[in-house]
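S.K.: Sharing start.txt here; it has compact mmCIF, N, CA and C atoms and all ligand atoms.
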```txt
# COMPACT_ATOMS: atom_id res chain seq x y z
N MET A 59 1.65 -31.65 0.86
CA MET A 59 1.10 -30.65 1.76
C MET A 59 -0.43 -30.70 1.74
N VAL A 60 -1.00 -30.71 2.92
CA VAL A 60 -2.45 -30.77 3.04
C VAL A 60 -3.03 -29.38 2.80
N ASP A 61 -4.07 -29.32 2.03
CA ASP A 61 -4.72 -28.05 1.78
C ASP A 61 -5.76 -27.80 2.88
N VAL A 62 -5.52 -26.74 3.67
CA VAL A 62 -6.41 -26.45 4.79
C VAL A 62 -7.20 -25.18 4.50
N ASP A 63 -8.47 -25.23 4.72
CA ASP A 63 -9.29 -24.05 4.49
C ASP A 63 -8.97 -22.97 5.51
N PRO A 64 -8.87 -21.73 5.06
CA PRO A 64 -8.63 -20.65 6.02
C PRO A 64 -9.87 -20.40 6.88
N VAL A 65 -9.62 -19.96 8.10
CA VAL A 65 -10.69 -19.71 9.05
C VAL A 65 -10.52 -18.30 9.59
N GLU A 66 -11.63 -17.60 9.74
CA GLU A 66 -11.58 -16.26 10.31
C GLU A 66 -11.42 -16.38 11.82
N VAL A 67 -10.39 -15.75 12.37
CA VAL A 67 -10.17 -15.86 13.81
C VAL A 67 -10.33 -14.52 14.53
N TYR A 68 -10.38 -13.43 13.77
CA TYR A 68 -10.39 -12.13 14.43
C TYR A 68 -10.98 -11.07 13.52
N VAL A 69 -11.88 -10.28 14.05
CA VAL A 69 -12.38 -9.10 13.34
C VAL A 69 -11.70 -7.90 13.98
N ALA A 70 -10.86 -7.24 13.20
CA ALA A 70 -10.04 -6.16 13.75
C ALA A 70 -10.84 -4.87 13.87
N HIS A 71 -10.36 -3.98 14.71
CA HIS A 71 -11.01 -2.69 14.88
C HIS A 71 -10.74 -1.77 13.69
N ASP A 72 -9.54 -1.90 13.14
CA ASP A 72 -9.18 -1.12 11.95
C ASP A 72 -7.96 -1.79 11.32
N ALA A 73 -7.46 -1.17 10.25
CA ALA A 73 -6.38 -1.80 9.49
C ALA A 73 -5.12 -1.97 10.33
N SER A 74 -4.81 -1.00 11.17
CA SER A 74 -3.57 -1.12 11.94
C SER A 74 -3.72 -2.20 13.02
N ASP A 75 -4.92 -2.34 13.54
CA ASP A 75 -5.18 -3.40 14.50
C ASP A 75 -5.01 -4.76 13.82
N ALA A 76 -5.51 -4.86 12.60
CA ALA A 76 -5.37 -6.11 11.84
C ALA A 76 -3.90 -6.42 11.60
N ALA A 77 -3.14 -5.40 11.24
CA ALA A 77 -1.71 -5.58 10.97
C ALA A 77 -0.99 -6.03 12.23
N MET A 78 -1.39 -5.47 13.37
CA MET A 78 -0.76 -5.82 14.63
C MET A 78 -1.07 -7.27 14.99
N ALA A 79 -2.31 -7.67 14.80
CA ALA A 79 -2.70 -9.06 15.09
C ALA A 79 -1.92 -10.02 14.18
N LEU A 80 -1.79 -9.62 12.92
CA LEU A 80 -1.09 -10.45 11.96
C LEU A 80 0.39 -10.61 12.34
N ALA A 81 0.98 -9.50 12.76
CA ALA A 81 2.39 -9.53 13.17
C ALA A 81 2.57 -10.40 14.41
N MET A 82 1.61 -10.30 15.32
CA MET A 82 1.68 -11.09 16.55
C MET A 82 1.59 -12.58 16.22
N LEU A 83 0.68 -12.94 15.33
CA LEU A 83 0.55 -14.35 14.94
C LEU A 83 1.80 -14.81 14.20
N GLY A 84 2.32 -13.93 13.34
CA GLY A 84 3.53 -14.27 12.59
C GLY A 84 4.69 -14.58 13.51
N ALA A 85 4.78 -13.82 14.61
CA ALA A 85 5.86 -14.02 15.57
C ALA A 85 5.75 -15.39 16.23
N GLU A 86 4.54 -15.96 16.23
CA GLU A 86 4.32 -17.28 16.81
C GLU A 86 4.31 -18.37 15.74
N GLY A 87 4.68 -17.98 14.52
CA GLY A 87 4.80 -18.96 13.45
C GLY A 87 3.49 -19.28 12.74
N ILE A 88 2.49 -18.44 12.95
CA ILE A 88 1.22 -18.66 12.26
C ILE A 88 1.10 -17.67 11.10
N GLU A 89 0.97 -18.22 9.90
CA GLU A 89 0.90 -17.36 8.73
C GLU A 89 -0.54 -17.01 8.42
N GLY A 90 -0.97 -15.86 8.89
CA GLY A 90 -2.33 -15.43 8.61
C GLY A 90 -2.36 -14.44 7.48
N ARG A 91 -3.56 -13.99 7.15
CA ARG A 91 -3.66 -12.90 6.20
C ARG A 91 -4.87 -12.06 6.55
N VAL A 92 -4.82 -10.81 6.10
CA VAL A 92 -5.92 -9.89 6.39
C VAL A 92 -6.85 -9.86 5.19
N VAL A 93 -8.12 -10.00 5.47
CA VAL A 93 -9.13 -9.98 4.42
C VAL A 93 -10.05 -8.79 4.66
N GLY A 94 -10.36 -8.06 3.61
CA GLY A 94 -11.37 -7.01 3.73
C GLY A 94 -10.83 -5.62 3.99
N GLU A 95 -9.50 -5.47 3.98
CA GLU A 95 -8.91 -4.16 4.24
C GLU A 95 -9.36 -3.11 3.22
N ASN A 96 -9.43 -3.54 1.98
CA ASN A 96 -9.78 -2.59 0.92
C ASN A 96 -11.25 -2.18 0.99
N LEU A 97 -12.06 -3.10 1.47
CA LEU A 97 -13.48 -2.80 1.61
C LEU A 97 -13.68 -1.64 2.57
N GLN A 98 -12.80 -1.59 3.57
CA GLN A 98 -12.94 -0.55 4.58
C GLN A 98 -12.82 0.84 3.95
N THR A 99 -11.87 0.98 3.07
CA THR A 99 -11.67 2.25 2.39
C THR A 99 -12.91 2.60 1.55
N ALA A 100 -13.41 1.60 0.85
CA ALA A 100 -14.57 1.82 0.00
C ALA A 100 -15.79 2.22 0.82
N ALA A 101 -15.90 1.63 2.00
CA ALA A 101 -17.08 1.87 2.82
C ALA A 101 -16.93 3.11 3.68
N GLY A 102 -15.72 3.67 3.71
CA GLY A 102 -15.43 4.78 4.59
C GLY A 102 -16.43 5.91 4.52
N GLU A 103 -16.80 6.27 3.32
CA GLU A 103 -17.68 7.43 3.18
C GLU A 103 -19.13 7.10 3.51
N LEU A 104 -19.45 5.84 3.53
CA LEU A 104 -20.82 5.43 3.83
C LEU A 104 -20.98 5.16 5.32
N GLY A 105 -19.88 5.31 6.04
CA GLY A 105 -19.91 4.98 7.46
C GLY A 105 -19.43 3.55 7.64
N MET A 106 -18.82 3.33 8.79
CA MET A 106 -18.28 2.00 9.05
C MET A 106 -19.39 1.00 9.27
N SER A 107 -19.25 -0.13 8.66
CA SER A 107 -20.15 -1.21 8.98
C SER A 107 -19.31 -2.41 9.40
N TYR A 108 -19.92 -3.30 10.10
CA TYR A 108 -19.22 -4.47 10.60
C TYR A 108 -18.58 -5.23 9.44
N ASN A 109 -19.29 -5.32 8.35
CA ASN A 109 -18.80 -6.09 7.22
C ASN A 109 -17.56 -5.51 6.58
N ALA A 110 -17.34 -4.21 6.83
CA ALA A 110 -16.19 -3.55 6.21
C ALA A 110 -14.93 -3.69 7.05
N LEU A 111 -15.06 -4.20 8.26
CA LEU A 111 -13.88 -4.30 9.11
C LEU A 111 -12.94 -5.38 8.59
N PRO A 112 -11.63 -5.11 8.67
CA PRO A 112 -10.67 -6.13 8.24
C PRO A 112 -10.71 -7.33 9.19
N ARG A 113 -10.58 -8.50 8.59
CA ARG A 113 -10.57 -9.72 9.39
C ARG A 113 -9.26 -10.45 9.19
N VAL A 114 -8.88 -11.18 10.19
CA VAL A 114 -7.66 -11.98 10.10
C VAL A 114 -8.04 -13.43 9.90
N TRP A 115 -7.51 -14.02 8.85
CA TRP A 115 -7.74 -15.43 8.55
C TRP A 115 -6.45 -16.19 8.73
N VAL A 116 -6.57 -17.40 9.23
CA VAL A 116 -5.40 -18.27 9.35
C VAL A 116 -5.81 -19.65 8.84
N PRO A 117 -4.80 -20.48 8.52
CA PRO A 117 -5.13 -21.84 8.11
C PRO A 117 -5.93 -22.54 9.22
N GLY A 118 -6.94 -23.31 8.81
CA GLY A 118 -7.86 -23.92 9.76
C GLY A 118 -7.19 -24.72 10.86
N ASP A 119 -6.08 -25.37 10.54
CA ASP A 119 -5.45 -26.21 11.56
C ASP A 119 -4.69 -25.39 12.61
N GLN A 120 -4.59 -24.08 12.38
CA GLN A 120 -3.91 -23.23 13.36
C GLN A 120 -4.87 -22.27 14.04
N ALA A 121 -6.15 -22.42 13.72
CA ALA A 121 -7.13 -21.45 14.19
C ALA A 121 -7.25 -21.44 15.71
N GLU A 122 -7.19 -22.63 16.30
CA GLU A 122 -7.39 -22.70 17.74
C GLU A 122 -6.29 -21.95 18.47
N ARG A 123 -5.06 -22.19 18.04
CA ARG A 123 -3.91 -21.52 18.66
C ARG A 123 -3.98 -20.02 18.38
N ALA A 124 -4.36 -19.66 17.17
CA ALA A 124 -4.45 -18.24 16.81
C ALA A 124 -5.48 -17.54 17.69
N ARG A 125 -6.61 -18.19 17.93
CA ARG A 125 -7.65 -17.57 18.76
C ARG A 125 -7.15 -17.37 20.18
N GLU A 126 -6.40 -18.33 20.69
CA GLU A 126 -5.84 -18.19 22.04
C GLU A 126 -4.92 -16.98 22.12
N LEU A 127 -4.06 -16.86 21.13
CA LEU A 127 -3.12 -15.74 21.10
C LEU A 127 -3.86 -14.41 21.02
N ILE A 128 -4.91 -14.39 20.22
CA ILE A 128 -5.66 -13.15 20.04
C ILE A 128 -6.42 -12.79 21.31
N ARG A 129 -6.92 -13.80 22.00
CA ARG A 129 -7.59 -13.52 23.28
C ARG A 129 -6.61 -12.90 24.26
N ALA A 130 -5.41 -13.44 24.33
CA ALA A 130 -4.40 -12.90 25.23
C ALA A 130 -4.05 -11.47 24.84
N HIS A 131 -3.96 -11.24 23.54
CA HIS A 131 -3.66 -9.92 23.00
C HIS A 131 -4.76 -8.93 23.39
N GLU A 132 -6.01 -9.34 23.29
CA GLU A 132 -7.14 -8.48 23.63
C GLU A 132 -7.16 -8.16 25.12
N ARG A 133 -6.83 -9.17 25.94
CA ARG A 133 -6.78 -8.95 27.38
C ARG A 133 -5.75 -7.89 27.72
N GLU A 134 -4.59 -8.00 27.05
CA GLU A 134 -3.51 -7.05 27.28
C GLU A 134 -3.95 -5.64 26.90
N ARG A 135 -4.61 -5.56 25.76
CA ARG A 135 -5.14 -4.28 25.29
C ARG A 135 -6.06 -3.65 26.31
N SER A 136 -7.03 -4.43 26.81
CA SER A 136 -8.01 -3.85 27.70
C SER A 136 -7.36 -3.52 29.04
N ALA A 137 -6.35 -4.31 29.44
CA ALA A 137 -5.65 -3.99 30.67
C ALA A 137 -4.94 -2.65 30.53
N GLN A 138 -4.35 -2.42 29.37
CA GLN A 138 -3.67 -1.16 29.11
C GLN A 138 -4.66 0.00 29.10
N ALA A 139 -5.82 -0.24 28.50
CA ALA A 139 -6.83 0.80 28.42
C ALA A 139 -7.32 1.17 29.81
N ASP A 140 -7.46 0.15 30.68
CA ASP A 140 -7.91 0.41 32.03
C ASP A 140 -6.88 1.20 32.82
N ALA A 141 -5.61 0.91 32.56
CA ALA A 141 -4.55 1.53 33.34
C ALA A 141 -4.25 2.96 32.86
N ALA A 142 -4.65 3.27 31.64
CA ALA A 142 -4.24 4.53 31.02
C ALA A 142 -4.67 5.79 31.78
N PRO A 143 -5.96 5.97 32.07
CA PRO A 143 -6.32 7.23 32.72
C PRO A 143 -6.01 7.16 34.21
N ALA A 144 -4.76 7.46 34.55
CA ALA A 144 -4.33 7.40 35.94
C ALA A 144 -5.01 8.52 36.73
N ASP A 145 -5.21 8.26 38.01
CA ASP A 145 -5.87 9.26 38.86
C ASP A 145 -4.99 10.50 39.00
N PRO A 146 -5.58 11.66 38.95
CA PRO A 146 -4.80 12.87 39.21
C PRO A 146 -4.38 12.91 40.68
N TRP A 147 -3.29 13.61 40.93
CA TRP A 147 -2.83 13.72 42.32
C TRP A 147 -2.71 15.21 42.67
N VAL A 148 -2.72 15.50 43.94
CA VAL A 148 -2.65 16.89 44.39
C VAL A 148 -1.23 17.18 44.85
N CYS A 149 -0.65 18.23 44.29
CA CYS A 149 0.73 18.57 44.61
C CYS A 149 0.83 19.05 46.06
N PRO A 150 1.77 18.46 46.82
CA PRO A 150 1.94 18.90 48.21
C PRO A 150 2.60 20.28 48.29
N GLY A 151 3.22 20.71 47.19
CA GLY A 151 3.91 22.01 47.21
C GLY A 151 2.96 23.16 46.97
N CYS A 152 2.09 23.06 45.98
CA CYS A 152 1.25 24.20 45.62
C CYS A 152 -0.23 23.86 45.58
N GLU A 153 -0.54 22.59 45.88
CA GLU A 153 -1.93 22.15 45.96
C GLU A 153 -2.68 22.22 44.63
N GLU A 154 -1.92 22.25 43.53
CA GLU A 154 -2.57 22.14 42.22
C GLU A 154 -2.92 20.68 41.97
N SER A 155 -3.92 20.45 41.16
CA SER A 155 -4.24 19.09 40.75
C SER A 155 -3.41 18.76 39.51
N VAL A 156 -2.71 17.62 39.57
CA VAL A 156 -1.78 17.25 38.50
C VAL A 156 -2.28 15.96 37.84
N PRO A 157 -2.33 15.93 36.49
CA PRO A 157 -2.80 14.71 35.81
C PRO A 157 -1.97 13.50 36.22
N GLY A 158 -2.62 12.32 36.30
CA GLY A 158 -1.98 11.12 36.81
C GLY A 158 -0.77 10.65 36.04
N ASP A 159 -0.65 11.04 34.76
CA ASP A 159 0.51 10.57 34.01
C ASP A 159 1.71 11.51 34.14
N PHE A 160 1.58 12.54 34.96
CA PHE A 160 2.72 13.41 35.25
C PHE A 160 3.40 12.93 36.52
N ASP A 161 4.73 12.91 36.52
CA ASP A 161 5.45 12.55 37.74
C ASP A 161 5.97 13.77 38.48
N LEU A 162 5.91 14.91 37.81
CA LEU A 162 6.30 16.18 38.44
C LEU A 162 5.12 17.14 38.34
N CYS A 163 4.97 17.97 39.32
CA CYS A 163 3.93 18.99 39.27
C CYS A 163 4.20 19.93 38.09
N TRP A 164 3.17 20.17 37.28
CA TRP A 164 3.35 21.04 36.11
C TRP A 164 3.57 22.48 36.54
N SER A 165 3.19 22.79 37.77
CA SER A 165 3.24 24.18 38.21
C SER A 165 4.54 24.52 38.94
N CYS A 166 4.96 23.65 39.89
CA CYS A 166 6.13 23.99 40.69
C CYS A 166 7.22 22.92 40.65
N GLN A 167 7.03 21.87 39.82
CA GLN A 167 8.05 20.83 39.63
C GLN A 167 8.29 19.93 40.85
N THR A 168 7.41 20.01 41.83
CA THR A 168 7.53 19.09 42.97
C THR A 168 7.26 17.68 42.48
N GLU A 169 8.03 16.72 43.02
CA GLU A 169 7.82 15.33 42.63
C GLU A 169 6.54 14.78 43.23
N ARG A 170 5.96 13.84 42.49
CA ARG A 170 4.77 13.17 43.00
C ARG A 170 5.11 12.50 44.34
N PRO A 171 4.27 12.70 45.35
CA PRO A 171 4.59 12.13 46.66
C PRO A 171 4.56 10.60 46.64
ZN ZN A 201 3.05 22.05 42.60
```
Could you write out this file's structure as structure tokens?

M.R.:
Amino acid sequence: MVDVDPVEVYVAHDASDAAMALAMLGAEGIEGRVVGENLQTAAGELGMSYNALPRVWVPGDQAERARELIRAHERERSAQADAAPADPWVCPGCEESVPGDFDLCWSCQTERP
């Protein structure tokens, strides 16, 4: 077995983000690991610094594929973030403004037109 140096492919936003990235890579057969998770806890009271963020490392020969997967993952994330705050709509029944993620009027239960 060839010994390959690990390469950092992703700086996570937080520990759960790192875990999610790791799980995603694992599903594609890439065995990564999270580095720096414990530092985050230690640095918590001093305020977050870039250096304290958990990073995902993978074997160097899989780094290119891992980066591609992570880019796709990030695109999906930002697409979801963009879609999240749906436009409010005005109820045709009572003319109340209803938040975009409601399908029924909160006031009179009229369906979204
Ligand atoms: Zn209504």

S.K.: Name all residues at most 12 Å from range 116-123 of chain A (count only C-alpha atoms; drop same-chain ones fewer than 6 positions away) and give them as a PyMOL selection string.

M.R.: chain A and resi 60-68+79-80+83-84+86-93+129-130

S.K.: Check which residues fall inside 7 Å of ligand ZN 201 (chain A) when counting only C-alpha atoms and all ligand atoms, and print them as an MDAnalysis selection string.

M.R.: chainID A and resid 149:154 163:168

S.K.: Let me see the file: selected residues, N, CA and C atoms, as a PDB file, in the frame of the given file.

M.R.:
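Result saved to result_8.pdb:
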```
ATOM      1  N   CYS A 149      -0.650  18.230  44.290  1.00  0.00           N
ATOM      2  CA  CYS A 149       0.730  18.570  44.610  1.00  0.00           C
ATOM      3  C   CYS A 149       0.830  19.050  46.060  1.00  0.00           C
ATOM      4  N   PRO A 150       1.770  18.460  46.820  1.00  0.00           N
ATOM      5  CA  PRO A 150       1.940  18.900  48.210  1.00  0.00           C
ATOM      6  C   PRO A 150       2.600  20.280  48.290  1.00  0.00           C
ATOM      7  N   GLY A 151       3.220  20.710  47.190  1.00  0.00           N
ATOM      8  CA  GLY A 151       3.910  22.010  47.210  1.00  0.00           C
ATOM      9  C   GLY A 151       2.960  23.160  46.970  1.00  0.00           C
ATOM     10  N   CYS A 152       2.090  23.060  45.980  1.00  0.00           N
ATOM     11  CA  CYS A 152       1.250  24.200  45.620  1.00  0.00           C
ATOM     12  C   CYS A 152      -0.230  23.860  45.580  1.00  0.00           C
ATOM     13  N   GLU A 153      -0.540  22.590  45.880  1.00  0.00           N
ATOM     14  CA  GLU A 153      -1.930  22.150  45.960  1.00  0.00           C
ATOM     15  C   GLU A 153      -2.680  22.220  44.630  1.00  0.00           C
ATOM     16  N   GLU A 154      -1.920  22.250  43.530  1.00  0.00           N
ATOM     17  CA  GLU A 154      -2.570  22.140  42.220  1.00  0.00           C
ATOM     18  C   GLU A 154      -2.920  20.680  41.970  1.00  0.00           C
ATOM     19  N   CYS A 163       4.970  17.970  39.320  1.00  0.00           N
ATOM     20  CA  CYS A 163       3.930  18.990  39.270  1.00  0.00           C
ATOM     21  C   CYS A 163       4.200  19.930  38.090  1.00  0.00           C
ATOM     22  N   TRP A 164       3.170  20.170  37.280  1.00  0.00           N
ATOM     23  CA  TRP A 164       3.350  21.040  36.110  1.00  0.00           C
ATOM     24  C   TRP A 164       3.570  22.480  36.540  1.00  0.00           C
ATOM     25  N   SER A 165       3.190  22.790  37.770  1.00  0.00           N
ATOM     26  CA  SER A 165       3.240  24.180  38.210  1.00  0.00           C
ATOM     27  C   SER A 165       4.540  24.520  38.940  1.00  0.00           C
ATOM     28  N   CYS A 166       4.960  23.650  39.890  1.00  0.00           N
ATOM     29  CA  CYS A 166       6.130  23.990  40.690  1.00  0.00           C
ATOM     30  C   CYS A 166       7.220  22.920  40.650  1.00  0.00           C
ATOM     31  N   GLN A 167       7.030  21.870  39.820  1.00  0.00           N
ATOM     32  CA  GLN A 167       8.050  20.830  39.630  1.00  0.00           C
ATOM     33  C   GLN A 167       8.290  19.930  40.850  1.00  0.00           C
ATOM     34  N   THR A 168       7.410  20.010  41.830  1.00  0.00           N
ATOM     35  CA  THR A 168       7.530  19.090  42.970  1.00  0.00           C
ATOM     36  C   THR A 168       7.260  17.680  42.480  1.00  0.00           C
TER      37      THR A 168
END
```

S.K.: What separation in Å, quoted to one decimal, exists between atom N of Val69 in chain A and CA of His131 in chain A?

M.R.: 12.2 Å

S.K.: What gap, in Å, lies between atom N of Pro157 in chain A and atom C of Glu134 in chain A?

M.R.: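 Answer for the atom N of Pro157 in chain A to atom C of Glu134 in chain A separation: 23.7 Å.
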
S.K.: Would you compute the distance between CA of Ala85 in chain A and CA of Ala70 in chain A? Give it in Å to one decimal.

M.R.: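 Pair CA of Ala85 in chain A / CA of Ala70 in chain A returns 17.8 Å.
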
S.K.: Would you list the residues near (-7.6, -4.0, 12.1) (no more than 12 Å away, in the coordinates of the file, using only C-alpha atoms) as a ChimeraX atom specification?

M.R.: /A:68-81,91-96,98,108,110-115

S.K.: Among the residues of range 115-152 of chain A, find those DSSP assigns to helix (DSSP H, G or I) from the backbone and print them as a list in words.

M.R.: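 Those in range 115-152 of chain A that DSSP calls helix (DSSP H, G or I) are Gly118, Asp119, Gln120, Ala121, Glu122, Arg123, Ala124, Arg125, Glu126, Leu127, Ile128, Arg129, Ala130, His131, Glu132, Arg133, Glu134, Arg135, Ser136, Ala137, Gln138, Ala139, Asp140 and Ala141 of chain A.
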
S.K.: Contacts of Pro146 in chain A at 7 Å or less, counting all atoms listed in the file, minus same-chain residues fewer than 5 places along, as a PyMOL selection string?

M.R.: chain A and resi 155-159

S.K.: Between A:Arg125, A:Glu169, A:Glu132, A:Phe160, which residue has the minimum interatomic distance to Asp145 in chain A, considering only C-alpha atoms?

M.R.: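 Using only C-alpha atoms, the shortest distance to Asp145 in chain A belongs to A:Phe160.
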